[in-house]
Amino acid sequence: MSQTPDIQSGRLSRQQLEQNFEDIHPPLDSGNAMLEAQRCYYCFDAPCVNACPTAIDIPSFIRKISTGNIRGSAKDILSQNIMGGMCARVCPTEVLCEGVCVRNTQEGQPVRIGELQRYSTDWLMEKGDTLFQRAPASGKKVAVVGGGPAGLSCAHRLAMLGHDVVVFEAREKLSGLNEYGIAAYKTVDGFAQREVDFILSIGGIETRCGVRLGKELKLSELKEEFDAVFLGIGLGDVNQLDIGETPGEGVHSAVDYIEDLRQAQNLENLPVGRRVVVIGGGSTAIDIAVQSKKLGAEDVTMVYRRGPEQMSATDVEQEFAQVNDVRIRTWLQPDSWMMENGRLSGIRFEYTEPDSSGKLTGKSEYLEIDADCVFLALGQKMMSDIFDLEMEMNSGKLAVDEQGATSQSGIWAGGDCIRSGEDLTVHAVEQGKQAAIAMDQWLRN
């Protein structure tokens with residue numbers, strides 16, 4: 001992002017930035033964890049387990065905390081979700097496990113399941129306990145393309161089952177969006193890479209970074225060289241606005257900027273606008289809006305074309321943005337760019353409403369919002385030219401069966417690159433795990 005009078009770095013001091021980007025959910029200490037664990041009813045048919053995409057036995061791991069068996073608690077979690085530490089930080093627990101906790105109906109305050117999960121997994125990682133052992137070698141070799149949550153989950157389970165795995169990753173670091181795409185205040189102190197180290201500690205997993213499918217890698221060659229292939233490639237392109245030619249400066253991808261922020265050695269060097277507009281209604285939009293405010297933006301407005309109920313960002317995320325002085329405007333769609341002396345000065349929006357069938361329509365009424373910086377958080381899409389084998393697609397993503405198998409024999413997929421209806425880290429982890437189990441059965445048969 002180029003520097004201009006309205007877009008500058010160093011708006012806040014280093015001390016203020018460090019304070020702004022501290023962990024938003026400081027971890028529980030042992031005493032508080034014990035007290036919180038004792039609030040659990042340890043339900044026999046626990047609704048929280050059914051709500052967890054990875055089916056962690058939540059009453060069991062919490063009961064183990066209450067008895068001081070923290071290693072056993074961590075094993076309950078990580079056996080089902082090898083990235084349980086990250087998921088404890090980024091999962092929307094308010095709509096998953098905690099959202100259905102029976103304590104809600106009695107006290108309006110669920111058991112803090114996410115924080116207890118973090119307590120156990122952090123304890124184990126700090127001990128340096130690898131926890132898992134590999135099965136006897138199978139003699140099979142599997143390629144995992146993509147080192148994000150789906151790929152790492154798949155690789156770990158395959159390694160645990162005795163297969164040798166090579167993980168190919170386009171970027172310099174593993175962990176995908178956990179490393180590059182999640183707000184800095186959600187995962188502090190380099191946790192994403194510490195979790196990667198824990199996952200790789202099982203052995204049997206080779207990593208090769210800086211190689212990209214469709215360039216240095218060909219799918220046909222991988223299929224020939226390896227006994228099976230898993231694709232956890234995510235989505236390599238972002239959606240754009242179609243409201244005329246985009247200004248040369250001042251309009252940015254939210255995903256790219258969050259990556260710059262996560263990899264920045266010094267936040268004082270990161271430029272931020274005075275008047276920021278974020279277009280989108282998901283978690284990425286929330287993350288870029290709040291982080292812009294924490295970097296020193298004076299005015300941040302998040303704009304979504306439908307109502308707050310239709311946003312993919314949860315109520316808790318929306319409230320968090322508003323608490324951090326982000327203004328959320330709904331029922332507005334971008335209409336045109338506003339320019340002044342050849343530079344971006346704002347964006348014109350049209351008010352919207354649903355018609356009788358629910359389809360969004362414009363009202364021919366407009367609102368202009370001043371901005372020197374606009375972030376687009378409109379979702380991502382798959383690169384279309386990366387496969388040299390014919391792959392069946394489903395609405396622009398890879399088509400897979402219930403076990404994650406693609407139309408090509410011996411190739412599975414999971415994570416954001418498949419059409420699953422869900423794009424949370426926890427779902428990607430589960431898809432990688434289930435694909436690994438299906439691959440193991442296929443390889444042995």
# chains A, B, ... in the order shown; residues from 1 in each chain; ligands from 1

call {"tool": "residues_around", "arguments": {"residues": "Phe191 in chain A", "least_positions_apart": "5", "cutoff": "9 Å", "atoms": "only C-alpha atoms", "output": "ChimeraX atom specification"}}
result
/A:85-86,179,196

call {"tool": "closest_atom_pairs", "arguments": {"of": "range 115-219 of chain A", "to": "range 257-279 of chain A", "cutoff": "8 Å", "atoms": "only C-alpha atoms", "output": "tab-separated table"}}
result
residue	atom	partner	partner_atom	distance
A:Glu179	CA	A:Arg262	CA	7.3
A:Tyr180	CA	A:Glu259	CA	4.6
A:Gly181	CA	A:Glu259	CA	5.7
A:Ile182	CA	A:Ile258	CA	7.2
A:Ala183	CA	A:Ile258	CA	6.9
A:Ala184	CA	A:Arg262	CA	5.9

call {"tool": "closest_atom_pairs", "arguments": {"of": "range 8-69 of chain A", "to": "range 104-116 of chain A", "cutoff": "10 Å", "atoms": "only C-alpha atoms", "output": "JSON lines"}}
result
{"residue": "A:His25", "atom": "CA", "partner": "A:Glu115", "partner_atom": "CA", "distance": 8.1}
{"residue": "A:Pro26", "atom": "CA", "partner": "A:Glu115", "partner_atom": "CA", "distance": 8.9}
{"residue": "A:Pro27", "atom": "CA", "partner": "A:Glu115", "partner_atom": "CA", "distance": 6.8}
{"residue": "A:Leu28", "atom": "CA", "partner": "A:Glu115", "partner_atom": "CA", "distance": 6.7}
{"residue": "A:Asp29", "atom": "CA", "partner": "A:Leu116", "partner_atom": "CA", "distance": 9.9}
{"residue": "A:Ser30", "atom": "CA", "partner": "A:Leu116", "partner_atom": "CA", "distance": 10.0}
{"residue": "A:Asn32", "atom": "CA", "partner": "A:Leu116", "partner_atom": "CA", "distance": 9.5}
{"residue": "A:Ala33", "atom": "CA", "partner": "A:Leu116", "partner_atom": "CA", "distance": 6.3}
{"residue": "A:Met34", "atom": "CA", "partner": "A:Leu116", "partner_atom": "CA", "distance": 9.0}
{"residue": "A:Glu36", "atom": "CA", "partner": "A:Val111", "partner_atom": "CA", "distance": 6.7}
{"residue": "A:Ala37", "atom": "CA", "partner": "A:Leu116", "partner_atom": "CA", "distance": 7.4}
{"residue": "A:Gln38", "atom": "CA", "partner": "A:Val111", "partner_atom": "CA", "distance": 9.2}
{"residue": "A:Arg39", "atom": "CA", "partner": "A:Val111", "partner_atom": "CA", "distance": 6.5}
{"residue": "A:Cys40", "atom": "CA", "partner": "A:Val111", "partner_atom": "CA", "distance": 6.2}
{"residue": "A:Tyr41", "atom": "CA", "partner": "A:Val111", "partner_atom": "CA", "distance": 9.3}
{"residue": "A:Cys48", "atom": "CA", "partner": "A:Ile113", "partner_atom": "CA", "distance": 9.0}
{"residue": "A:Ile58", "atom": "CA", "partner": "A:Ile113", "partner_atom": "CA", "distance": 7.8}
{"residue": "A:Pro59", "atom": "CA", "partner": "A:Ile113", "partner_atom": "CA", "distance": 9.5}
{"residue": "A:Phe61", "atom": "CA", "partner": "A:Leu116", "partner_atom": "CA", "distance": 8.8}
{"residue": "A:Ile62", "atom": "CA", "partner": "A:Leu116", "partner_atom": "CA", "distance": 7.2}
{"residue": "A:Ile65", "atom": "CA", "partner": "A:Leu116", "partner_atom": "CA", "distance": 8.2}

call {"tool": "write_last_selection", "arguments": {"atoms": "N, CA, C and O atoms", "output": "short mmCIF file (atom, residue, chain, number, x, y, z; two decimals), in the first residue's frame"}}
result
data_model
loop_
_atom_site.label_atom_id
_atom_site.label_comp_id
_atom_site.auth_asym_id
_atom_site.auth_seq_id
_atom_site.Cartn_x
_atom_site.Cartn_y
_atom_site.Cartn_z
N HIS A 25 -8.23 -12.88 23.99
CA HIS A 25 -8.74 -13.80 25.00
C HIS A 25 -7.56 -14.37 25.78
O HIS A 25 -7.08 -15.47 25.48
N PRO A 26 -7.05 -13.65 26.76
CA PRO A 26 -5.92 -14.17 27.54
C PRO A 26 -6.25 -15.55 28.10
O PRO A 26 -7.39 -15.82 28.50
N PRO A 27 -5.27 -16.46 28.11
CA PRO A 27 -5.54 -17.85 28.53
C PRO A 27 -5.91 -17.96 29.99
O PRO A 27 -5.52 -17.14 30.82
N LEU A 28 -6.68 -18.99 30.30
CA LEU A 28 -7.04 -19.28 31.68
C LEU A 28 -5.81 -19.78 32.44
O LEU A 28 -4.98 -20.51 31.89
N ASP A 29 -5.69 -19.40 33.71
CA ASP A 29 -4.66 -20.02 34.54
C ASP A 29 -5.25 -21.31 35.13
O ASP A 29 -6.44 -21.62 34.95
N SER A 30 -4.42 -22.08 35.83
CA SER A 30 -4.86 -23.39 36.31
C SER A 30 -6.05 -23.29 37.26
O SER A 30 -6.97 -24.11 37.21
N ASN A 32 -8.45 -20.88 37.46
CA ASN A 32 -9.67 -20.54 36.74
C ASN A 32 -10.14 -21.68 35.85
O ASN A 32 -11.34 -21.89 35.68
N ALA A 33 -9.18 -22.40 35.26
CA ALA A 33 -9.55 -23.55 34.43
C ALA A 33 -10.26 -24.61 35.27
O ALA A 33 -11.25 -25.21 34.85
N MET A 34 -9.75 -24.85 36.48
CA MET A 34 -10.37 -25.84 37.36
C MET A 34 -11.78 -25.42 37.74
O MET A 34 -12.73 -26.22 37.70
N GLU A 36 -13.78 -23.37 36.09
CA GLU A 36 -14.65 -23.40 34.91
C GLU A 36 -15.01 -24.84 34.56
O GLU A 36 -16.16 -25.12 34.18
N ALA A 37 -14.06 -25.76 34.67
CA ALA A 37 -14.33 -27.17 34.36
C ALA A 37 -15.41 -27.73 35.28
O ALA A 37 -16.21 -28.59 34.88
N GLN A 38 -15.45 -27.25 36.51
CA GLN A 38 -16.43 -27.76 37.47
C GLN A 38 -17.85 -27.25 37.20
O GLN A 38 -18.81 -27.74 37.80
N ARG A 39 -17.98 -26.29 36.30
CA ARG A 39 -19.32 -25.81 35.91
C ARG A 39 -20.00 -26.76 34.93
O ARG A 39 -21.21 -26.69 34.74
N CYS A 40 -19.20 -27.65 34.31
CA CYS A 40 -19.76 -28.56 33.30
C CYS A 40 -20.61 -29.63 33.97
O CYS A 40 -20.27 -30.15 35.04
N TYR A 41 -21.74 -29.99 33.34
CA TYR A 41 -22.61 -31.05 33.84
C TYR A 41 -22.16 -32.44 33.35
O TYR A 41 -22.74 -33.45 33.76
N CYS A 48 -23.13 -30.39 22.98
CA CYS A 48 -21.90 -29.73 22.51
C CYS A 48 -21.08 -30.65 21.63
O CYS A 48 -20.42 -30.19 20.68
N ILE A 58 -16.33 -33.55 24.47
CA ILE A 58 -16.14 -32.36 25.30
C ILE A 58 -16.34 -32.65 26.79
O ILE A 58 -15.51 -32.25 27.61
N PRO A 59 -17.39 -33.35 27.20
CA PRO A 59 -17.52 -33.65 28.63
C PRO A 59 -16.32 -34.43 29.18
O PRO A 59 -15.89 -34.21 30.31
N PHE A 61 -13.09 -34.39 28.05
CA PHE A 61 -11.88 -33.60 28.22
C PHE A 61 -12.02 -32.58 29.36
O PHE A 61 -11.05 -32.28 30.06
N ILE A 62 -13.23 -32.09 29.57
CA ILE A 62 -13.42 -31.14 30.67
C ILE A 62 -13.35 -31.85 32.02
O ILE A 62 -12.77 -31.33 32.98
N ILE A 65 -9.83 -32.27 33.04
CA ILE A 65 -9.25 -31.05 33.60
C ILE A 65 -9.60 -30.95 35.08
O ILE A 65 -8.75 -30.63 35.93
#

call {"tool": "residues_around", "arguments": {"residues": "Gln380 in chain A", "least_positions_apart": "3", "cutoff": "8 Å", "atoms": "only C-alpha atoms", "output": "ChimeraX atom specification"}}
result
/A:235-239

call {"tool": "write_last_selection", "arguments": {"atoms": "N, CA and C atoms", "output": "PDB file, in the first residue's frame"}}
result
ATOM      1  N   LEU A 235      -8.164 -21.515  -1.932  1.00  0.00           N
ATOM      2  CA  LEU A 235      -8.658 -20.732  -3.059  1.00  0.00           C
ATOM      3  C   LEU A 235      -7.635 -19.637  -3.363  1.00  0.00           C
ATOM      4  N   GLY A 236      -7.093 -19.640  -4.544  1.00  0.00           N
ATOM      5  CA  GLY A 236      -5.962 -18.765  -4.836  1.00  0.00           C
ATOM      6  C   GLY A 236      -6.295 -17.426  -5.428  1.00  0.00           C
ATOM      7  N   ASP A 237      -7.584 -17.121  -5.631  1.00  0.00           N
ATOM      8  CA  ASP A 237      -7.950 -15.845  -6.250  1.00  0.00           C
ATOM      9  C   ASP A 237      -9.056 -15.192  -5.433  1.00  0.00           C
ATOM     10  N   VAL A 238      -9.209 -13.876  -5.577  1.00  0.00           N
ATOM     11  CA  VAL A 238     -10.227 -13.145  -4.814  1.00  0.00           C
ATOM     12  C   VAL A 238     -11.261 -12.549  -5.752  1.00  0.00           C
ATOM     13  N   ASN A 239     -12.486 -12.422  -5.270  1.00  0.00           N
ATOM     14  CA  ASN A 239     -13.554 -11.800  -6.051  1.00  0.00           C
ATOM     15  C   ASN A 239     -13.367 -10.287  -6.095  1.00  0.00           C
TER      16      ASN A 239
END

call {"tool": "select_by_dssp", "arguments": {"residues": "range 150-244 of chain A", "states": "strand (DSSP E or B)", "output": "list in words"}}
result
Asp164, Val165, Val166, Val167, Phe168, Glu169, Ile205, Glu206, Thr207, Arg208, Cys209, Leu213, Leu217, Ala228, Val229, Phe230, Leu231, Asp237 and Val238 of chain A

call {"tool": "atom_distance", "arguments": {"atom1": "CA of Glu365 in chain A", "atom2": "CA of Val251 in chain A"}}
result
23.8 Å

call {"tool": "residues_around", "arguments": {"residues": "Lys215 in chain A", "least_positions_apart": "5", "cutoff": "10 Å", "atoms": "only C-alpha atoms", "output": "mmCIF file with N, CA and C atoms, in the first residue's frame"}}
result
data_model
loop_
_atom_site.group_PDB
_atom_site.id
_atom_site.type_symbol
_atom_site.label_atom_id
_atom_site.label_comp_id
_atom_site.auth_asym_id
_atom_site.auth_seq_id
_atom_site.Cartn_x
_atom_site.Cartn_y
_atom_site.Cartn_z
ATOM 1 N N ALA A 170 2.830 -23.780 -1.402
ATOM 2 C CA ALA A 170 3.239 -22.696 -2.298
ATOM 3 C C ALA A 170 3.965 -21.578 -1.564
ATOM 4 N N ASP A 385 -6.670 -22.634 -13.717
ATOM 5 C CA ASP A 385 -5.688 -23.174 -14.671
ATOM 6 C C ASP A 385 -4.599 -24.000 -13.984
ATOM 7 N N ILE A 386 -4.898 -24.598 -12.837
ATOM 8 C CA ILE A 386 -3.844 -25.273 -12.084
ATOM 9 C C ILE A 386 -3.845 -26.787 -12.268
ATOM 10 N N PHE A 387 -4.881 -27.338 -12.903
ATOM 11 C CA PHE A 387 -4.969 -28.784 -13.066
ATOM 12 C C PHE A 387 -4.623 -29.191 -14.489
#

call {"tool": "select_by_dssp", "arguments": {"residues": "range 231-391 of chain A", "states": "alpha helix (DSSP H)", "output": "mmCIF file with N, CA, C and O atoms, in the first residue's frame"}}
result
data_model
loop_
_atom_site.group_PDB
_atom_site.id
_atom_site.type_symbol
_atom_site.label_atom_id
_atom_site.label_comp_id
_atom_site.auth_asym_id
_atom_site.auth_seq_id
_atom_site.Cartn_x
_atom_site.Cartn_y
_atom_site.Cartn_z
ATOM 1 N N ALA A 254 -8.571 -7.379 1.090
ATOM 2 C CA ALA A 254 -8.467 -7.553 2.541
ATOM 3 C C ALA A 254 -7.554 -8.728 2.874
ATOM 4 O O ALA A 254 -6.767 -8.667 3.820
ATOM 5 N N VAL A 255 -7.645 -9.798 2.088
ATOM 6 C CA VAL A 255 -6.821 -10.989 2.327
ATOM 7 C C VAL A 255 -5.341 -10.640 2.220
ATOM 8 O O VAL A 255 -4.526 -11.048 3.064
ATOM 9 N N ASP A 256 -4.973 -9.884 1.176
ATOM 10 C CA ASP A 256 -3.558 -9.528 0.971
ATOM 11 C C ASP A 256 -3.045 -8.638 2.099
ATOM 12 O O ASP A 256 -1.913 -8.792 2.559
ATOM 13 N N TYR A 257 -3.873 -7.701 2.535
ATOM 14 C CA TYR A 257 -3.417 -6.780 3.587
ATOM 15 C C TYR A 257 -3.265 -7.499 4.924
ATOM 16 O O TYR A 257 -2.322 -7.240 5.680
ATOM 17 N N ILE A 258 -4.197 -8.413 5.223
ATOM 18 C CA ILE A 258 -4.069 -9.186 6.462
ATOM 19 C C ILE A 258 -2.784 -10.014 6.426
ATOM 20 O O ILE A 258 -2.087 -10.146 7.436
ATOM 21 N N GLU A 259 -2.449 -10.560 5.258
ATOM 22 C CA GLU A 259 -1.195 -11.300 5.130
ATOM 23 C C GLU A 259 0.000 -10.395 5.413
ATOM 24 O O GLU A 259 0.925 -10.780 6.143
ATOM 25 N N ASP A 260 -0.011 -9.197 4.841
ATOM 26 C CA ASP A 260 1.084 -8.250 5.101
ATOM 27 C C ASP A 260 1.185 -7.944 6.592
ATOM 28 O O ASP A 260 2.286 -7.867 7.153
ATOM 29 N N LEU A 261 0.040 -7.772 7.230
ATOM 30 C CA LEU A 261 0.037 -7.448 8.651
ATOM 31 C C LEU A 261 0.591 -8.607 9.477
ATOM 32 O O LEU A 261 1.414 -8.414 10.366
ATOM 33 N N ARG A 262 0.152 -9.834 9.148
ATOM 34 C CA ARG A 262 0.593 -10.998 9.913
ATOM 35 C C ARG A 262 2.096 -11.236 9.768
ATOM 36 O O ARG A 262 2.740 -11.756 10.683
ATOM 37 N N GLN A 263 2.653 -10.865 8.623
ATOM 38 C CA GLN A 263 4.080 -11.120 8.392
ATOM 39 C C GLN A 263 4.951 -9.910 8.709
ATOM 40 O O GLN A 263 6.181 -9.986 8.620
ATOM 41 N N SER A 283 -16.076 -13.011 8.264
ATOM 42 C CA SER A 283 -15.040 -12.879 9.285
ATOM 43 C C SER A 283 -13.856 -12.075 8.787
ATOM 44 O O SER A 283 -13.245 -11.310 9.552
ATOM 45 N N THR A 284 -13.502 -12.236 7.510
ATOM 46 C CA THR A 284 -12.376 -11.469 6.956
ATOM 47 C C THR A 284 -12.682 -9.987 6.982
ATOM 48 O O THR A 284 -11.799 -9.164 7.285
ATOM 49 N N ALA A 285 -13.918 -9.623 6.674
ATOM 50 C CA ALA A 285 -14.311 -8.210 6.717
ATOM 51 C C ALA A 285 -14.198 -7.665 8.139
ATOM 52 O O ALA A 285 -13.704 -6.551 8.363
ATOM 53 N N ILE A 286 -14.655 -8.451 9.117
ATOM 54 C CA ILE A 286 -14.527 -8.046 10.521
ATOM 55 C C ILE A 286 -13.061 -7.867 10.880
ATOM 56 O O ILE A 286 -12.654 -6.869 11.497
ATOM 57 N N ASP A 287 -12.232 -8.853 10.495
ATOM 58 C CA ASP A 287 -10.814 -8.823 10.857
ATOM 59 C C ASP A 287 -10.106 -7.597 10.295
ATOM 60 O O ASP A 287 -9.348 -6.925 11.004
ATOM 61 N N ILE A 288 -10.344 -7.288 9.022
ATOM 62 C CA ILE A 288 -9.627 -6.152 8.422
ATOM 63 C C ILE A 288 -10.155 -4.834 8.974
ATOM 64 O O ILE A 288 -9.396 -3.880 9.184
ATOM 65 N N ALA A 289 -11.454 -4.771 9.268
ATOM 66 C CA ALA A 289 -12.030 -3.542 9.815
ATOM 67 C C ALA A 289 -11.469 -3.254 11.204
ATOM 68 O O ALA A 289 -11.025 -2.135 11.499
ATOM 69 N N VAL A 290 -11.479 -4.260 12.080
ATOM 70 C CA VAL A 290 -10.993 -4.066 13.442
ATOM 71 C C VAL A 290 -9.492 -3.778 13.447
ATOM 72 O O VAL A 290 -9.009 -2.893 14.167
ATOM 73 N N GLN A 291 -8.750 -4.504 12.610
ATOM 74 C CA GLN A 291 -7.302 -4.283 12.584
ATOM 75 C C GLN A 291 -6.960 -2.903 12.040
ATOM 76 O O GLN A 291 -5.990 -2.275 12.486
ATOM 77 N N SER A 292 -7.724 -2.410 11.091
ATOM 78 C CA SER A 292 -7.500 -1.050 10.601
ATOM 79 C C SER A 292 -7.668 -0.047 11.727
ATOM 80 O O SER A 292 -6.875 0.892 11.885
ATOM 81 N N LYS A 293 -8.698 -0.261 12.543
ATOM 82 C CA LYS A 293 -8.925 0.632 13.685
ATOM 83 C C LYS A 293 -7.786 0.527 14.688
ATOM 84 O O LYS A 293 -7.293 1.533 15.218
ATOM 85 N N LYS A 294 -7.326 -0.691 14.931
ATOM 86 C CA LYS A 294 -6.245 -0.894 15.890
ATOM 87 C C LYS A 294 -4.914 -0.341 15.384
ATOM 88 O O LYS A 294 -4.018 -0.051 16.184
ATOM 89 N N LEU A 295 -4.785 -0.193 14.057
ATOM 90 C CA LEU A 295 -3.571 0.398 13.486
ATOM 91 C C LEU A 295 -3.604 1.921 13.488
ATOM 92 O O LEU A 295 -2.598 2.558 13.177
ATOM 93 N N ASP A 315 -22.967 -12.968 15.347
ATOM 94 C CA ASP A 315 -23.399 -11.831 16.157
ATOM 95 C C ASP A 315 -22.270 -11.364 17.082
ATOM 96 O O ASP A 315 -22.091 -10.169 17.300
ATOM 97 N N VAL A 316 -21.533 -12.323 17.642
ATOM 98 C CA VAL A 316 -20.430 -11.976 18.540
ATOM 99 C C VAL A 316 -19.345 -11.218 17.779
ATOM 100 O O VAL A 316 -18.790 -10.228 18.286
ATOM 101 N N GLU A 317 -19.032 -11.645 16.557
ATOM 102 C CA GLU A 317 -18.033 -10.943 15.748
ATOM 103 C C GLU A 317 -18.504 -9.531 15.401
ATOM 104 O O GLU A 317 -17.723 -8.576 15.452
ATOM 105 N N GLN A 318 -19.772 -9.398 15.039
ATOM 106 C CA GLN A 318 -20.303 -8.076 14.716
ATOM 107 C C GLN A 318 -20.249 -7.156 15.932
ATOM 108 O O GLN A 318 -19.884 -5.981 15.816
ATOM 109 N N GLU A 319 -20.608 -7.689 17.079
ATOM 110 C CA GLU A 319 -20.559 -6.889 18.302
ATOM 111 C C GLU A 319 -19.122 -6.499 18.632
ATOM 112 O O GLU A 319 -18.853 -5.367 19.050
ATOM 113 N N PHE A 320 -18.182 -7.431 18.425
ATOM 114 C CA PHE A 320 -16.771 -7.145 18.669
ATOM 115 C C PHE A 320 -16.299 -5.992 17.797
ATOM 116 O O PHE A 320 -15.570 -5.097 18.264
ATOM 117 N N ALA A 321 -16.705 -5.978 16.534
ATOM 118 C CA ALA A 321 -16.324 -4.885 15.642
ATOM 119 C C ALA A 321 -16.881 -3.553 16.140
ATOM 120 O O ALA A 321 -16.175 -2.540 16.176
ATOM 121 N N GLN A 322 -18.131 -3.566 16.552
ATOM 122 C CA GLN A 322 -18.755 -2.328 17.008
ATOM 123 C C GLN A 322 -18.137 -1.828 18.303
ATOM 124 O O GLN A 322 -17.962 -0.621 18.490
ATOM 125 N N VAL A 323 -17.789 -2.743 19.199
ATOM 126 C CA VAL A 323 -17.109 -2.357 20.438
ATOM 127 C C VAL A 323 -15.767 -1.691 20.122
ATOM 128 O O VAL A 323 -15.306 -0.807 20.851
#

call {"tool": "closest_residue", "arguments": {"among": "A:Pro308, A:Gly410, A:Gly358, A:Gly232", "to": "Leu174 in chain A", "atoms": "only C-alpha atoms"}}
result
A:Gly232

call {"tool": "residues_around", "arguments": {"residues": "Leu124 in chain A", "least_positions_apart": "4", "cutoff": "8 Å", "atoms": "only C-alpha atoms", "output": "list in words"}}
result
Ile70, Arg71, Ala74, Ser120, Gly128 and Asp129 of chain A
